[in-house]
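Heads up: the structure comes next, in structure tokens.
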Amino acid sequence: MEITDRPLDALNNARNQRVIVELKNKAQVTGKLKAFDIHINVVLEEAEELENGQLKRKLGTTFIRGDMIVIISPA
Amino acid sequence: MEITDRPLDALNNARNQRVIVELKNKAQVTGKLKAFDIHINVVLEEAEELENGQLKRKLGTTFIRGDMIVIISPA
Amino acid sequence: MEITDRPLDALNNARNQRVIVELKNKAQVTGKLKAFDIHINVVLEEAEELENGQLKRKLGTTFIRGDMIVIISPA
Amino acid sequence: MEITDRPLDALNNARNQRVIVELKNKAQVTGKLKAFDIHINVVLEEAEELENGQLKRKLGTTFIRGDMIVIISPA
Amino acid sequence: MEITDRPLDALNNARNQRVIVELKNKAQVTGKLKAFDIHINVVLEEAEELENGQLKRKLGTTFIRGDMIVIISPA
Amino acid sequence: MEITDRPLDALNNARNQRVIVELKNKAQVTGKLKAFDIHINVVLEEAEELENGQLKRKLGTTFIRGDMIVIISPA
Amino acid sequence: MEITDRPLDALNNARNQRVIVELKNKAQVTGKLKAFDIHINVVLEEAEELENGQLKRKLGTTFIRGDMIVIISPA
């Protein structure tokens with residue numbers, strides 16, 4: 001991610017790049033960041049759920065509700 | 001789901017397709033996505049609750065409150 | 001429940017029909033859906049609380065606060 | 001409680017009648033419903049806290065914050 | 001507390017009287033109700049934290065954030 | 001803290017005085033109250049985290065998010 | 001951090017400085033504060049997750065959702 005003044009600009013710069021999304025329920029979902037909004041709802045393409053860094057299952061194009069998200073960082 | 005710029009567009013593209021909805025209480029509900037709103041309240045048709053990937057019970061046309069939803073992905 | 005484009009339309013179609021409301025505290029309340037609002041606050045008539053599918057107690061006309069609700073499905 | 005189209009109408013019809021309020025912390029408070037607002041903050045008169053249906057303590061005129069409320073039903 | 005139509009009127013009538021505030025973390029704080037707002041943030045004067053009804057510690061003039069409050073009743 | 005009609009006035013009167021902030025995660029942070037806003041986000045100067053009343057670590061000038069705060073009282 | 005009247009001014013003064021962000025899930029993330037908004041969503045550059053003060057993993061440029069944040073203090 002590149003950096004700009006507002007947090008959502010950083011998400012915008014990460015569009016089409018692979019990210020890891022950590023959820024409040026400890027799950028990690030990785031995928032290509034395709035869309036997000038001000039609630040931090042996100043859509044990941046070719047998403048995969050990870051457990052201890054290992055692939056748990058393939059999710060495909062996945063919508064994640066923003067209020068479950070803790071951290072979004074580069075994959 | 002097809003992908004567009006906004007997360008809710010991805011939900012819109014998934015209308016009338018079968019999705020899996022994961023809830024904060026670990027339940028999974030699968031069904032045909034018929035309706036959603038900005039709170040991510042959704043209505044699934046022919047909904048079924050799954051436990052460990054197995055059918056637990058048939059729910060019929062089901063309303064799920066948005067703030068319980070973690071992930072929506074293709075079934 | 002019949003289905004329309006918006007989730008609350010599905011609730012509207014369920015008015016005067018018996019529904020099962022699942023709560024975040026695992027309780028299930030069944031009754032005739034008489035009223036709801038955008039917060040998903042609902043009023044059930046002849047409501048009964050269920051435990052493992054068995055009648056636990058009769059509640060009468062009951063107000064359920066929307067933010068406690070997980071799922072509303074046909075009884 | 002009588003029933004009308006909107007959930008808060010049902011609360012209005014219950015004014016001055018005894019109700020049981022169930023809270024998210026499992027407590028039950030019974031009393032005469034004297035006031036409520038759109039957040040479902042309520043005031044009960046001659047309120048009593050119950051434990052397993054038995055009187056635990058008398059509270060007098062009591063304000064209950066709406067976001068703690070699960071269910072309001074006739075006492 | 002005297003009673004009026006709106007829940008916050010009941011709090012207003014309790015101004016300068018001693019109240020018990022029960023919190024979501026089970027703590028009880030007693031003191032003279034000096035101020036409150038629509039979020040139910042309150043300020044108590046000569047506040048004391050109680051544990052099992054016994055004085056745990058004196059807090060002095062204390063601000064309590066509204067979203068932690070369960071019940072406010074007369075001391 | 002001096003007392004006025006609105007809860008935030010009490011916080012305003014506590015500016016530049018040492019306060020103890022109790023958090024939902026049971027942590028206590030003490031420091032000089034330098035800033036706050038309507039969300040009860042606060043900034044403490046020379047902040048210290050306490051454990052059982054003993055210094056756990058020095059934090060320096062510290063921002064605390066309002067929705068984690070339970071009680072603010074004089075140190 | 002320097003101090004001003006409003007909490008977000010303190011965050012603004014911390015821009016480009018290393019901070020420690022404590023999360024509700026007990027995780028600590030340290031990095032250079034590059035961006036924040038009124039929800040306290042933040043972006044940290046060269047972010048690292050710490051466990052008991054030790055480096056757990058490098059995260060790179062990281063978005064943290066505001067509602068998970070407890071404390072932001074100087075690193």
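We label chains A, B, ... in the order they appear in the structure tokens, count residues from 1 in each chain, and number ligands from 1 in the order shown.
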
Might you pull out every residue within 8 Å of B:Thr30, with only C-alpha atoms counted and same-chain residues fewer than 6 positions away left off, and present them as a ChimeraX atom specification? /B:18-21,44,47-50,75

Taking C-alpha atoms for each residue, export the selection above as a PDB file, in the first residue's frame.
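Okay, result-v3.pdb is ready:
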ATOM      1  CA  ARG B  18     -26.725 -19.185  -4.073  1.00  0.00           C
ATOM      2  CA  VAL B  19     -24.450 -17.750  -1.420  1.00  0.00           C
ATOM      3  CA  ILE B  20     -23.068 -18.828   1.942  1.00  0.00           C
ATOM      4  CA  VAL B  21     -23.545 -16.323   4.736  1.00  0.00           C
ATOM      5  CA  LEU B  44     -32.233 -15.702   1.389  1.00  0.00           C
ATOM      6  CA  ALA B  47     -32.291 -21.026   3.078  1.00  0.00           C
ATOM      7  CA  GLU B  48     -30.618 -23.851   4.985  1.00  0.00           C
ATOM      8  CA  GLU B  49     -28.548 -23.667   8.139  1.00  0.00           C
ATOM      9  CA  LEU B  50     -25.345 -25.670   7.934  1.00  0.00           C
ATOM     10  CA  ALA B  75     -22.100 -21.281  -2.445  1.00  0.00           C
TER      11      ALA B  75
END

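Every protein, DNA or RNA residue with an atom at most 12 Å from D:Ala27, where only C-alpha atoms count and chain neighbours fewer than 6 positions away do not, is listed here: Ile20, Val21, Glu48, Glu49, Leu50, Glu51, Asn52, Gly53, Gln54, Leu55, Lys56, Arg57, Ile64, Met68, Ile69, Val70 and Ile71 of chain D; Glu22, Lys24, Lys26, Val70 and Ile71 of chain E.
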
Compile the contact shell of E:Asn13 as a PyMOL selection string: residues with an atom at most 12 Å away, counting only C-alpha atoms, same-chain residues fewer than 4 positions apart removed. (chain D and resi 61-63) or (chain E and resi 1-9+17-19+33-36+73-74)

Residues from the last selection, C-alpha atoms, saved as a PDB file, in the first residue's frame:
ATOM      1  CA  THR D  61     -38.677   3.932  39.929  1.00  0.00           C
ATOM      2  CA  THR D  62     -35.981   2.690  37.588  1.00  0.00           C
ATOM      3  CA  PHE D  63     -34.382   3.834  34.354  1.00  0.00           C
TER       4      PHE D  63
ATOM      5  CA  MET E   1     -37.488   9.405  40.981  1.00  0.00           C
ATOM      6  CA  GLU E   2     -40.739  11.011  39.890  1.00  0.00           C
ATOM      7  CA  ILE E   3     -42.197   9.865  36.638  1.00  0.00           C
ATOM      8  CA  THR E   4     -43.052  11.657  33.469  1.00  0.00           C
ATOM      9  CA  ASP E   5     -43.674  10.677  29.886  1.00  0.00           C
ATOM     10  CA  ARG E   6     -40.106  10.492  28.679  1.00  0.00           C
ATOM     11  CA  PRO E   7     -37.325   8.421  30.243  1.00  0.00           C
ATOM     12  CA  LEU E   8     -34.959  11.384  30.476  1.00  0.00           C
ATOM     13  CA  ASP E   9     -37.548  13.338  32.447  1.00  0.00           C
ATOM     14  CA  GLN E  17     -30.673  12.832  44.565  1.00  0.00           C
ATOM     15  CA  ARG E  18     -28.562   9.777  45.329  1.00  0.00           C
ATOM     16  CA  VAL E  19     -28.825   7.024  42.729  1.00  0.00           C
ATOM     17  CA  LEU E  33     -26.822  12.595  40.142  1.00  0.00           C
ATOM     18  CA  LYS E  34     -25.522  15.947  38.962  1.00  0.00           C
ATOM     19  CA  ALA E  35     -25.636  15.787  35.162  1.00  0.00           C
ATOM     20  CA  PHE E  36     -26.641  13.535  32.275  1.00  0.00           C
ATOM     21  CA  SER E  73     -32.362   3.545  40.323  1.00  0.00           C
ATOM     22  CA  PRO E  74     -32.775   5.448  43.611  1.00  0.00           C
TER      23      PRO E  74
END

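Here the question is which of B:Asn41, B:Lys58, B:Ala10, B:Ile72 gets nearest to chain C using only C-alpha atoms, and that residue is B:Asn41.
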
Using DSSP on the backbone coordinates, identify all residues within chain F classified as alpha helix (DSSP H); present the result as an NGL selection string. :F and (7-13)

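Counting from atom CA of E:Lys32, the distance to atom CA of D:Gly31 is 23.8 Å.
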
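Relative to atom CA of E:Val43, atom CA of G:Asp37 is found at 28.8 Å.
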
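Between atom CA of A:Val42 and atom CA of B:Asn25 there is a distance of 20.4 Å.
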